[in-house]
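**Q** Here it is, the structure in full.
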Amino acid sequence: MAEIAKTTRYFEEQVRRKRPYIDPRWCVEVIAAPIRRETQADGRIRFWGEVTLSGEATSRILRVVTLDDGETIHNAFFDRGFRKEE
């Protein structure tokens, strides 16, 4: 099982409150093996990965945004608009 990563105050106070269903371990797994990775203009890094929730047959795409160090988690959400072919 993946270790819990470093997180920002925003992630702990806002993201976890608004999206308590997101397991931080999923974020670590997405960062470790993303299906796509992009660096934003501000230096933060976006990672996309597939996550299958318990009881669901199909996977969802989780987008994880880290600080420029590529490991401190700042934001995470299910990205319904993600397209693999982009």
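The chains in the structure tokens are called A, B, ... from first to last as shown; in each chain the residues are counted from 1, and the ligands are counted from 1 in the order shown.
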Using only C-alpha atoms, determine which residues lie at most 12 Å from segment 12-17 of chain A, disregarding the query and same-chain residues fewer than 2 positions distant; provide the list as number ranges by chain.

**A** A: 5-10, 19-24, 64-65, 72-78

**Q** Write the residues of the selection above to a file with C-alpha atoms, as a short mmCIF file (atom, residue, chain, number, x, y, z; two decimals), in the first residue's frame.

**A**
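Once written, part_10.cif looks like this:
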data_model
loop_
_atom_site.label_atom_id
_atom_site.label_comp_id
_atom_site.auth_asym_id
_atom_site.auth_seq_id
_atom_site.Cartn_x
_atom_site.Cartn_y
_atom_site.Cartn_z
CA ALA A 5 2.42 11.99 0.99
CA LYS A 6 3.11 15.54 2.05
CA THR A 7 0.13 17.83 1.60
CA THR A 8 -0.52 21.56 1.61
CA ARG A 9 -2.71 23.31 4.12
CA TYR A 10 -5.21 23.96 1.31
CA ARG A 19 -14.18 15.75 -1.12
CA PRO A 20 -13.85 13.42 1.89
CA TYR A 21 -14.30 10.39 -0.40
CA ILE A 22 -10.86 10.96 -1.98
CA ASP A 23 -8.31 8.68 -0.34
CA PRO A 24 -4.88 10.37 -0.17
CA VAL A 64 -3.82 15.27 -8.65
CA VAL A 65 -2.08 18.65 -8.57
CA THR A 72 3.42 17.78 -2.14
CA ILE A 73 -0.28 17.28 -2.89
CA HIS A 74 -2.22 20.53 -3.33
CA ASN A 75 -5.48 19.44 -4.99
CA ALA A 76 -7.25 16.29 -6.16
CA PHE A 77 -10.55 15.63 -7.88
CA PHE A 78 -12.22 13.25 -10.31
#

**Q** If we count only C-alpha atoms and set the cut-off at 9 Å, which residues sit around Gly70 of chain A, ignoring sequence neighbours fewer than 6 positions away in its own chain? Please answer as a PyMOL selection string.

**A** chain A and resi 31+44-46
